Amino acid sequence: MRQLGAKVILTPATLKGSGMVYKAKELAEKHGWFYSRQFENEANPAYHASTTGPEILSDFAGKRLDYWVTGWGTGGTYTGAGKVLKQARPDLKIILSEPANASLVASGQPTPEDEKTSHPSWEPHPIQGWTPDFIPQVLQAGVEAKYMDEIVPVSGAEGIEISTKLAQYEGIFTGISGGASAAAALKVCEKAPKGSVVLCMLADTGERYLSTPLFSEIAAEMNEEEVGISLSTPFGHVEASE
């Protein structure tokens, strides 16, 4: 972000997602900066209603589509695209996924009125971009509209595992949240009728997460096997001088 010219302001981890929201509000008010209000801005779901939803309908025009699977961060994708998809295809099953240890929507409990108090069902999780410690207004609108047909919980470990498999077996380089969405889609496939068509959202690309647990097992240098392969042919060998 700094390479792109942005100022990066970090808030204490103890303040969770709410901390970044309040700091952004304070900074905007003090300095007269634009505050995007992405967790409550009506333009967020409206954009997905005019882009993501119609794009999916266009791609599947005249084709079968039985399930649409998505996670949530602000809720903009789910609420905006979900509205359009349900209107056009009422029989489409919309699956909302969230962290297994932070299942805020599945709990049925609202975010406390004291906005600085975290949702009681929230716990720290490694699925970056998903599920802050509150239910955003943008998401709540979609929940109240009942676009979803089912909630599928996914663990952080499952998200990391499937993200890794997507990269290694499918050439799809996505983040932990993308892996988690795909993990939820695989769970849907396990019980969906044979021949069902399942679409899931991979909302981000993997290069933004190089410093996260997603790549903790990836070494920077060659391992013994790779060194052995390198030495299996003579080109590039450098003999030590006496």
# chains A, B, ... in the order shown; residues from 1 in each chain; ligands from 1

$ residues_around --residues "Ala167 (chain A)" --least-positions-apart "6" --cutoff "10 Å" --atoms "only C-alpha atoms" --output "list in words"
Phe173, Thr174, Gly175, Gly179 and Gly206 of chain A

$ residues_around --residues "Phe39 (chain A)" --least-positions-apart "2" --cutoff "7 Å" --atoms "only C-alpha atoms" --output "MDAnalysis selection string"
chainID A and resid 37 41 74 136:138

$ closest_residue --among "A:Gln87, A:Gly32, A:Lys23, A:Ile229" --to "Pro54 (chain A)" --atoms "only C-alpha atoms"
A:Gln87

$ select_by_dssp --residues "region 58-147 of chain A" --states "alpha helix (DSSP H)" --output "ChimeraX atom specification"
/A:58-59,76-88,104-107,137-145

$ closest_atom_pairs --of "region 54-102 of chain A" --to "region 107-111 of chain A" --cutoff "12 Å" --atoms "only C-alpha atoms" --output "CSV"
residue,atom,partner,partner_atom,distance
A:Glu98,CA,A:Ser107,CA,11.1
A:Pro99,CA,A:Ser107,CA,11.8
A:Ala100,CA,A:Ser107,CA,10.9
A:Asn101,CA,A:Ser107,CA,10.8
A:Ala102,CA,A:Ser107,CA,9.0

$ write_last_selection --atoms "C-alpha atoms" --output "JSON list (two decimals), in the first residue's frame"
[["chain", "number", "residue", "atom", "x", "y", "z"],
["A", 98, "GLU", "CA", -18.55, -17.34, 7.70],
["A", 99, "PRO", "CA", -15.78, -18.46, 10.08],
["A", 100, "ALA", "CA", -16.74, -21.44, 12.22],
["A", 101, "ASN", "CA", -15.46, -19.70, 15.36],
["A", 102, "ALA", "CA", -17.03, -16.35, 14.45]]

$ atom_distance --atom1 "CA of Glu150 (chain A)" --atom2 "CA of Asp204 (chain A)"
22.9 Å

$ select_by_dssp --residues "region 39-155 of chain A" --states "strand (DSSP E or B)" --output "ChimeraX atom specification"
/A:67-70,93-99,150-154

$ residues_around --residues "Tyr22 (chain A)" --least-positions-apart "6" --cutoff "12 Å" --atoms "only C-alpha atoms" --output "list in words"
Leu10, Thr11, Pro12, Leu15, Lys16, Ala28, Glu29, Tyr35, Arg37, Phe39, Glu115 and Lys116 of chain A

$ closest_residue --among "A:Asn223, A:Pro124, A:Ser97, A:Pro112" --to "Gly73 (chain A)" --atoms "only C-alpha atoms"
A:Ser97

$ closest_residue --among "A:Val69, A:Ile127, A:Met148, A:Leu4" --to "Lys86 (chain A)" --atoms "only C-alpha atoms"
A:Met148

$ closest_residue --among "A:Ala141, A:Ile160, A:Ala184, A:Met20" --to "Tyr78 (chain A)" --atoms "only C-alpha atoms"
A:Ala141

$ residues_around --residues "Arg89 (chain A)" --least-positions-apart "5" --cutoff "12 Å" --atoms "only C-alpha atoms" --output "list in words"
Gly53, Pro54, Ile56, Leu57, Phe60, Ala61, Gly62, Lys63, Arg64, Leu65, Asp66, Tyr67, Trp68, Ala81, Gly82, Lys83, Val84, Ile94 and Tyr147 of chain A

$ write_last_selection --atoms "C-alpha atoms" --output "PDB file, in the first residue's frame"
ATOM      1  CA  GLY A  53     -24.989  -9.812 -10.089  1.00  0.00           C
ATOM      2  CA  PRO A  54     -25.632  -8.966 -13.757  1.00  0.00           C
ATOM      3  CA  ILE A  56     -23.143 -13.732 -13.167  1.00  0.00           C
ATOM      4  CA  LEU A  57     -26.539 -13.735 -14.871  1.00  0.00           C
ATOM      5  CA  PHE A  60     -25.012 -18.238 -16.975  1.00  0.00           C
ATOM      6  CA  ALA A  61     -27.646 -17.041 -19.454  1.00  0.00           C
ATOM      7  CA  GLY A  62     -29.448 -20.118 -20.735  1.00  0.00           C
ATOM      8  CA  LYS A  63     -27.380 -22.323 -18.435  1.00  0.00           C
ATOM      9  CA  ARG A  64     -28.033 -24.131 -15.212  1.00  0.00           C
ATOM     10  CA  LEU A  65     -26.995 -22.568 -11.898  1.00  0.00           C
ATOM     11  CA  ASP A  66     -28.167 -24.161  -8.659  1.00  0.00           C
ATOM     12  CA  TYR A  67     -26.016 -22.676  -5.898  1.00  0.00           C
ATOM     13  CA  TRP A  68     -24.131 -19.422  -5.344  1.00  0.00           C
ATOM     14  CA  ALA A  81     -25.507  -9.443  -5.997  1.00  0.00           C
ATOM     15  CA  GLY A  82     -27.792 -11.637  -3.897  1.00  0.00           C
ATOM     16  CA  LYS A  83     -30.729  -9.303  -4.460  1.00  0.00           C
ATOM     17  CA  VAL A  84     -30.310  -9.367  -8.234  1.00  0.00           C
ATOM     18  CA  ILE A  94     -27.662 -18.712  -1.978  1.00  0.00           C
ATOM     19  CA  TYR A 147     -31.566 -13.718   0.343  1.00  0.00           C
TER      20      TYR A 147
END

$ atom_distance --atom1 "CA of Tyr47 (chain A)" --atom2 "CA of Ala182 (chain A)"
23.3 Å

$ closest_residue --among "A:Thr79, A:Ser177, A:Asn44, A:Thr51" --to "Thr164 (chain A)" --atoms "only C-alpha atoms"
A:Ser177

$ atom_distance --atom1 "CA of Leu186 (chain A)" --atom2 "CA of Gln168 (chain A)"
16.8 Å
